[in-house]
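The block underneath contains the structure these notes are about, expressed in structure tokens.
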Amino acid sequence: MSRKIYFAGSIHGGRQDAELYFRIIEQLKGYGTVFTEHVGHPNHPELAGMNEKEVHDGHIDDWLQKSDVLVAECTQPSLGVGYEIGRAVAMNKNIFVLFRPDAGRKLSCMIRGAQNGSTFIVKDYKEEELPGLLKNYFGSRT
């Protein structure tokens with residue numbers, strides 16, 4: 001059975017990292033099915049024509065509920081990503097947070113402080129480190 005991955009990244013909070021999200025998603029596909037590929041698309045066409053309730057319910061009630069792991073890139077602040085992380089915690093999901101300190105931002109204490117070393121992992125990274133980080137993370141969860 002293929003691992004089911006929910007990728008979270010900023011959409012309405014800012015699309016500065018959309019190309020990076022695309023590259024992360026492409027790497028994540030090597031570890032399972034990524035439900036939220038649209039997050040890496042420049043204009044996320046999968047959401048076209050949907051109202052806010054449909055977007056919320058589709059993401060939370062369908063994709064997040066069915067996922068094995070939430071991978072969240074949190075460098076670009078986003079209320080939606082924070083909400084998704086909180087819901088994933090409530091669902092007892094495995095959570096892997098990625099953050100680039102070189103971007104000149106600080107990760108919220110509410111995210112970094114939730115790290116527990118097993119089901120909630122936070123990693124500071126540079127993009128060139130991603131293949132190794134993902135291999136280590138998913139390799140330990142076979």
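Residues in the structure tokens are numbered from 1 in each chain, the chains being A, B, ... in the order shown, and ligands are numbered from 1 in the order shown.
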So that I can check the surroundings of Gly104 in chain A, please list as a PyMOL selection string every protein, DNA and RNA residue that reaches within 12 Å of it, counting only C-alpha atoms and ignoring chain neighbours fewer than 2 positions away. chain A and resi 75-77+99-102+106-107
What's around range 82-94 of chain A at 7 Å? Count only C-alpha atoms, leave out sequence neighbours fewer than 6 positions away in its own chain, and write the answer as a PDB file with C-alpha atoms, in the first residue's frame.
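As written to disk, out.pdb reads:
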```
ATOM      1  CA  ASP A  68      -0.527   9.051   6.692  1.00  0.00           C
ATOM      2  CA  VAL A  69       1.678  12.102   7.109  1.00  0.00           C
ATOM      3  CA  LEU A  70       1.478  15.894   6.812  1.00  0.00           C
ATOM      4  CA  THR A 119       5.271  12.107  15.589  1.00  0.00           C
ATOM      5  CA  PHE A 120       5.987  15.845  15.216  1.00  0.00           C
TER       6      PHE A 120
END
```
Hey, could you make a per-residue contact list for range 5-24 of chain A against range 121-136 of chain A with 12 Å as the cut-off, showing the nearest pair of atoms and its distance in Å to one decimal, counting only C-alpha atoms, sorted by chain and number, as a Markdown table?
```
| residue | atom | partner | partner_atom | distance |
| --- | --- | --- | --- | --- |
| A:Asp17 | CA | A:Glu127 | CA | 11.6 |
| A:Glu19 | CA | A:Glu127 | CA | 11.7 |
| A:Leu20 | CA | A:Glu127 | CA | 8.3 |
| A:Tyr21 | CA | A:Glu127 | CA | 10.7 |
| A:Arg23 | CA | A:Glu127 | CA | 9.4 |
| A:Ile24 | CA | A:Leu130 | CA | 7.8 |
```
Selection from above, N, CA, C and O atoms, as a JSON list (two decimals), in the first residue's frame, can you write it?
```
[["chain", "number", "residue", "atom", "x", "y", "z"],
["A", 17, "ASP", "N", 6.97, 30.99, -2.57],
["A", 17, "ASP", "CA", 7.67, 29.71, -2.57],
["A", 17, "ASP", "C", 7.00, 28.64, -3.43],
["A", 17, "ASP", "O", 7.31, 27.45, -3.31],
["A", 19, "GLU", "N", 7.33, 27.68, -6.51],
["A", 19, "GLU", "CA", 8.26, 26.85, -7.28],
["A", 19, "GLU", "C", 8.99, 25.87, -6.38],
["A", 19, "GLU", "O", 9.22, 24.72, -6.76],
["A", 20, "LEU", "N", 9.35, 26.30, -5.19],
["A", 20, "LEU", "CA", 9.98, 25.40, -4.22],
["A", 20, "LEU", "C", 9.00, 24.29, -3.82],
["A", 20, "LEU", "O", 9.38, 23.12, -3.74],
["A", 21, "TYR", "N", 7.74, 24.66, -3.58],
["A", 21, "TYR", "CA", 6.74, 23.65, -3.23],
["A", 21, "TYR", "C", 6.66, 22.60, -4.33],
["A", 21, "TYR", "O", 6.56, 21.41, -4.03],
["A", 23, "ARG", "N", 8.99, 21.63, -6.36],
["A", 23, "ARG", "CA", 10.18, 20.76, -6.29],
["A", 23, "ARG", "C", 10.08, 19.79, -5.09],
["A", 23, "ARG", "O", 10.46, 18.63, -5.20],
["A", 24, "ILE", "N", 9.57, 20.27, -3.98],
["A", 24, "ILE", "CA", 9.40, 19.39, -2.81],
["A", 24, "ILE", "C", 8.38, 18.30, -3.14],
["A", 24, "ILE", "O", 8.61, 17.12, -2.85]]
```
Looking at only C-alpha atoms, which of A:Phe22, A:Ile95, A:Ser78, A:Asp57 is the one that sits closest to Tyr6 in chain A?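 For Tyr6 in chain A, the nearest of the given residues is A:Ile95.
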So that each row is one residue of range 48-129 of chain A with an atom at most 10 Å from range 33-41 of chain A, can you give its shortest atom pair and the distance in Å to one decimal, using only C-alpha atoms, rows by chain and rising number, as a Markdown table?
```
| residue | atom | partner | partner_atom | distance |
| --- | --- | --- | --- | --- |
| A:His59 | CA | A:Thr36 | CA | 8.1 |
| A:Asp62 | CA | A:Phe35 | CA | 9.4 |
| A:Trp63 | CA | A:Phe35 | CA | 6.1 |
| A:Leu64 | CA | A:Phe35 | CA | 8.4 |
| A:Lys66 | CA | A:Phe35 | CA | 9.2 |
| A:Ser67 | CA | A:Phe35 | CA | 8.0 |
| A:Val69 | CA | A:Val34 | CA | 9.9 |
| A:Leu70 | CA | A:Val34 | CA | 9.8 |
| A:Val71 | CA | A:Val34 | CA | 9.8 |
```
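Between CA of Glu54 in chain A and CA of Ile111 in chain A the separation is 26.4 Å.
In this structure, CA of Gly9 in chain A sits 15.8 Å away from CA of Lys29 in chain A.
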Point-to-point distance in Å for CA of Gly80 in chain A and CA of Phe96 in chain A: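 Separating CA of Phe96 in chain A from CA of Gly80 in chain A is a distance of 16.0 Å.
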